[in-house]
Structures are given as structure tokens and as C-alpha cells.
Amino acid sequence: MSQRNVLKENLAESARVLRERIGDRRPEVGMILGSGLGPLAGQIEDAVCVPYGEVPHMRTSTATSHVGRFVCGVLGGKCVLAMQGRLHGYEGNTAQEVAYPVWLMHELGVDTLFATNAAGAINESYRVGDFCIIEDHINFTGRNPVAGLEPDGIAFRFFSMLDAYDPALRRLARETADELGISYQEGVYLGFMGPCYETVAEIRAFAGVGADAVGMSTVPETMVCNYLGMKVLAVSCITN
Ligand code: HPA
């Protein structure tokens, strides 16, 4: 069977199980709550929690502080499907396994993703605790979750990454932060495979290629959103 058909069958099975669990909830917005933001899932109302291990074909989280479950319910008046904890390449997952939950969200009708992560500063004006709205990314992992999927007439092999992080959502994030008096940066995120941190020479090199921050996530999920036509907003919290 082609890789595309395997993915299609797996998604249908995962979606059937997840739909059974979330009942009549119809999520519109997907959320990936990265390091430090997992507790936000506690504010989701009328929530149902589904551990990744109970969804067929989902990999489970092994990273500390990543609980590893879907939380579906209402947040800010919208039905959300949140990932409390994400999957990373450095845990031994392929890029396609890391981004599989995004395909699954899409299967359930989600058209917008809000992702958060922790990142290290490259830009010398960034400070620990800063929020950084991701303006664009540099994929330094050498991996792509869509690689290997055969074109099937409807889905093309080549896809655009122009405005990969939705400009209108970024504007909304800036306006909302301004209204709330929250300061922020906006910059380029470089996706690094990990699990080691960068060497001094790598940090110098990344500054030279235009990165403002570096982290070990978010890039595969954003590529799949762009492949599927989903909008993405992503925010880093600068931790070091
Ligand atoms: N590098 C890569 N990933 C990270 C860092 C970092 O310095 N901080 C948090 N995630």
C-alpha cells in the first residue's frame, strides 16, 4: 500500500476513536501546549481528556512536563482540541509521527493551530521570559513530515511555505498583547533536532543565517499545517 493510503487509513482509525471519546464536541482550533504551558489545559471547560496511548497510531510523549494527552473542550468561547504535551524528533519519532496529531486535528475539522514552545535566544536583545511571536522559521532538522507521501492528484507533492505563520493571526496576537500590556518580540525560529543544545559555533552560525531563537519543536507541525491549508500561530517563551 502507498504511504499516503497507510496514512489515510491510520487517520481514519485514530479519528474514529477520538470522535467516540469527544462526543458531540466539534473542535475548531487546535492547540499544542509545549514546555511550561501544559497547565493551561486546566482552564478548558467541559473537558474530556484522552491520553495519546489510547488513540491508535499516536506516539506517546516521553519528555518531562509533557503530560501526553488530548484535552477537548471550550476555551475563550471556542471548542479547542489541545495537546497537553507534544511529540519531538529527539524522542525518536519521525517528523511524520511528530506531526501526526496535526493531521488528526484536521481530520476532526480543525482549521487553525495555536502552538507554543520554549526556545533559546539567538538574538542578543532577547531576554529570558520574553514571548516571541514566530514570524517565520528555518528548518535545520533536515526532515520533512510530508516526505514520502505520493502525490495523488488532489494533494500535490510541492507546497508553499510563504507566510507559513499566518500574518492575520500574528497581527491579532500583536494587537491583543498591546491591549493587555504584554511586551513581545517577533522573530525567526530555527528548528534544531536536539536533544543536545547548540554549540557556541552553532549559535554564532544561526545568528548569521537570520535566526532569532532556536528550539526543538514546532517546525514539523507547521509544515503539515501549510500542506493541509491550516492557519498557524506560534509563540515561543524564551527560556535561556
Ligand atoms: N536550544 C534548543 N531548544 C531549546 C532551547 C535552546 O537553547 N531552550 C529551550 N528549548
# chains A, B, ... in the order shown; residues from 1 in each chain; ligands from 1
call {"tool": "residues_near_ligand", "arguments": {"ligand": "ligand 1", "cutoff": "10 Å", "atoms": "only C-alpha atoms and all ligand atoms", "output": "PyMOL selection string"}}
result
chain A and resi 35+117-122+190-199+203+213-217+236-240
call {"tool": "residues_around", "arguments": {"residues": "Leu104 (chain A)", "least_positions_apart": "6", "cutoff": "8 Å", "atoms": "only C-alpha atoms", "output": "JSON, numbers by chain"}}
result
{"A": [11, 14, 15]}
call {"tool": "closest_residue", "arguments": {"among": "A:Ser183, A:Asn10, A:Asn139, A:Gln3", "to": "His57 (chain A)", "atoms": "only C-alpha atoms"}}
result
A:Asn10
call {"tool": "closest_residue", "arguments": {"among": "A:Phe114, A:Ile44, A:Met105, A:Ala63", "to": "Gly92 (chain A)", "atoms": "only C-alpha atoms"}}
result
A:Ala63
call {"tool": "closest_atom_pairs", "arguments": {"of": "region 27-135 of chain A", "to": "region 152-176 of chain A", "cutoff": "9 Å", "atoms": "only C-alpha atoms", "output": "JSON lines"}}
result
{"residue": "A:Ile133", "atom": "CA", "partner": "A:Arg170", "partner_atom": "CA", "distance": 7.1}
{"residue": "A:Ile134", "atom": "CA", "partner": "A:Tyr165", "partner_atom": "CA", "distance": 7.1}
{"residue": "A:Glu135", "atom": "CA", "partner": "A:Tyr165", "partner_atom": "CA", "distance": 6.1}
call {"tool": "residues_around", "arguments": {"residues": "His106 (chain A)", "least_positions_apart": "3", "cutoff": "10 Å", "atoms": "only C-alpha atoms", "output": "NGL selection string"}}
result
:A and (11 or 15 or 27-30 or 100-103 or 109-113 or 224-225 or 228-230)
call {"tool": "write_last_selection", "arguments": {"atoms": "all heavy atoms", "output": "compact mmCIF listing (two decimals), in the first residue's frame"}}
result
# COMPACT_ATOMS: atom_id res chain seq x y z
N LEU A 11 -5.30 7.50 9.92
CA LEU A 11 -6.02 8.68 10.39
C LEU A 11 -7.49 8.37 10.59
O LEU A 11 -8.11 8.83 11.58
CB LEU A 11 -5.88 9.83 9.37
CG LEU A 11 -4.54 10.57 9.40
CD1 LEU A 11 -4.41 11.48 8.20
CD2 LEU A 11 -4.40 11.36 10.71
N ALA A 15 -9.14 8.88 14.15
CA ALA A 15 -10.24 9.87 14.24
C ALA A 15 -11.50 9.19 14.78
O ALA A 15 -12.23 9.79 15.59
CB ALA A 15 -10.50 10.49 12.88
N PRO A 27 -14.23 20.45 17.59
CA PRO A 27 -13.13 21.39 17.75
C PRO A 27 -12.85 22.20 16.47
O PRO A 27 -12.87 21.64 15.37
CB PRO A 27 -11.93 20.49 18.08
CG PRO A 27 -12.33 19.12 17.66
CD PRO A 27 -13.82 19.04 17.71
N GLU A 28 -12.62 23.50 16.67
CA GLU A 28 -12.29 24.40 15.55
C GLU A 28 -10.83 24.79 15.60
O GLU A 28 -10.22 25.10 14.59
CB GLU A 28 -13.06 25.73 15.66
CG GLU A 28 -14.54 25.68 15.66
CD GLU A 28 -15.07 27.04 16.13
OE1 GLU A 28 -14.88 28.04 15.42
OE2 GLU A 28 -15.65 27.08 17.23
N VAL A 29 -10.31 24.88 16.82
CA VAL A 29 -8.93 25.35 17.00
C VAL A 29 -8.12 24.25 17.67
O VAL A 29 -8.56 23.67 18.67
CB VAL A 29 -8.91 26.64 17.86
CG1 VAL A 29 -7.48 27.09 18.14
CG2 VAL A 29 -9.69 27.76 17.19
N GLY A 30 -6.95 23.97 17.11
CA GLY A 30 -6.03 23.03 17.74
C GLY A 30 -5.01 23.80 18.54
O GLY A 30 -4.65 24.94 18.18
N TYR A 100 1.80 13.94 13.20
CA TYR A 100 0.58 13.13 13.02
C TYR A 100 -0.64 13.76 13.71
O TYR A 100 -1.73 13.81 13.13
CB TYR A 100 0.84 11.70 13.51
CG TYR A 100 -0.31 10.75 13.25
CD1 TYR A 100 -0.48 10.17 12.00
CD2 TYR A 100 -1.23 10.44 14.25
CE1 TYR A 100 -1.54 9.31 11.75
CE2 TYR A 100 -2.28 9.59 14.02
CZ TYR A 100 -2.44 9.01 12.77
OH TYR A 100 -3.48 8.16 12.53
N PRO A 101 -0.51 14.25 14.96
CA PRO A 101 -1.68 14.84 15.62
C PRO A 101 -2.27 16.03 14.86
O PRO A 101 -3.46 16.31 15.00
CB PRO A 101 -1.16 15.29 16.99
CG PRO A 101 0.18 14.68 17.16
CD PRO A 101 0.68 14.21 15.84
N VAL A 102 -1.45 16.73 14.08
CA VAL A 102 -1.97 17.86 13.30
C VAL A 102 -2.86 17.32 12.17
O VAL A 102 -3.94 17.85 11.91
CB VAL A 102 -0.84 18.74 12.75
CG1 VAL A 102 -1.38 19.84 11.84
CG2 VAL A 102 -0.03 19.34 13.88
N TRP A 103 -2.41 16.25 11.53
CA TRP A 103 -3.24 15.60 10.52
C TRP A 103 -4.57 15.16 11.15
O TRP A 103 -5.63 15.30 10.58
CB TRP A 103 -2.52 14.38 9.94
CG TRP A 103 -1.84 14.59 8.63
CD1 TRP A 103 -2.44 14.88 7.44
CD2 TRP A 103 -0.43 14.49 8.34
NE1 TRP A 103 -1.49 14.97 6.44
CE2 TRP A 103 -0.26 14.72 6.96
CE3 TRP A 103 0.68 14.22 9.13
CZ2 TRP A 103 0.98 14.70 6.33
CZ3 TRP A 103 1.91 14.19 8.50
CH2 TRP A 103 2.06 14.44 7.12
N GLY A 109 -11.77 18.39 11.74
CA GLY A 109 -12.39 19.67 11.36
C GLY A 109 -11.66 20.92 11.84
O GLY A 109 -12.14 22.03 11.62
N VAL A 110 -10.52 20.75 12.49
CA VAL A 110 -9.76 21.91 12.98
C VAL A 110 -9.11 22.61 11.79
O VAL A 110 -8.51 21.96 10.94
CB VAL A 110 -8.68 21.43 13.99
CG1 VAL A 110 -7.68 22.53 14.29
CG2 VAL A 110 -9.33 20.91 15.26
N ASP A 111 -9.22 23.95 11.74
CA ASP A 111 -8.58 24.66 10.62
C ASP A 111 -7.52 25.66 11.07
O ASP A 111 -6.90 26.33 10.24
CB ASP A 111 -9.63 25.35 9.72
CG ASP A 111 -10.40 26.42 10.47
OD1 ASP A 111 -10.06 26.73 11.63
OD2 ASP A 111 -11.36 26.96 9.88
N THR A 112 -7.33 25.78 12.38
CA THR A 112 -6.36 26.76 12.91
C THR A 112 -5.58 26.11 14.05
O THR A 112 -6.17 25.47 14.90
CB THR A 112 -7.10 28.00 13.46
OG1 THR A 112 -7.91 28.53 12.42
CG2 THR A 112 -6.14 29.07 13.95
N LEU A 113 -4.27 26.32 14.04
CA LEU A 113 -3.43 25.76 15.11
C LEU A 113 -2.73 26.88 15.86
O LEU A 113 -2.18 27.80 15.25
CB LEU A 113 -2.37 24.82 14.51
CG LEU A 113 -1.41 24.20 15.53
CD1 LEU A 113 -2.12 23.17 16.40
CD2 LEU A 113 -0.21 23.55 14.84
N VAL A 224 3.13 20.69 8.22
CA VAL A 224 1.89 19.95 7.90
C VAL A 224 0.69 20.90 7.82
O VAL A 224 -0.17 20.74 6.95
CB VAL A 224 1.66 18.78 8.89
CG1 VAL A 224 0.25 18.21 8.76
CG2 VAL A 224 2.68 17.69 8.61
N CYS A 225 0.64 21.89 8.68
CA CYS A 225 -0.45 22.88 8.59
C CYS A 225 -0.44 23.54 7.22
O CYS A 225 -1.49 23.70 6.59
CB CYS A 225 -0.31 23.96 9.66
SG CYS A 225 -0.81 23.40 11.29
N LEU A 228 -1.68 21.22 4.58
CA LEU A 228 -3.13 20.96 4.62
C LEU A 228 -3.98 22.23 4.47
O LEU A 228 -5.20 22.15 4.47
CB LEU A 228 -3.49 20.28 5.95
CG LEU A 228 -2.89 18.90 6.20
CD1 LEU A 228 -3.17 18.44 7.63
CD2 LEU A 228 -3.45 17.89 5.19
N GLY A 229 -3.31 23.38 4.39
CA GLY A 229 -4.07 24.64 4.28
C GLY A 229 -4.62 25.12 5.61
O GLY A 229 -5.59 25.88 5.65
N MET A 230 -4.03 24.67 6.72
CA MET A 230 -4.45 25.17 8.05
C MET A 230 -3.63 26.40 8.41
O MET A 230 -2.46 26.50 8.04
CB MET A 230 -4.21 24.09 9.12
CG MET A 230 -5.15 22.91 9.03
SD MET A 230 -4.59 21.53 10.07
CE MET A 230 -4.74 22.19 11.74
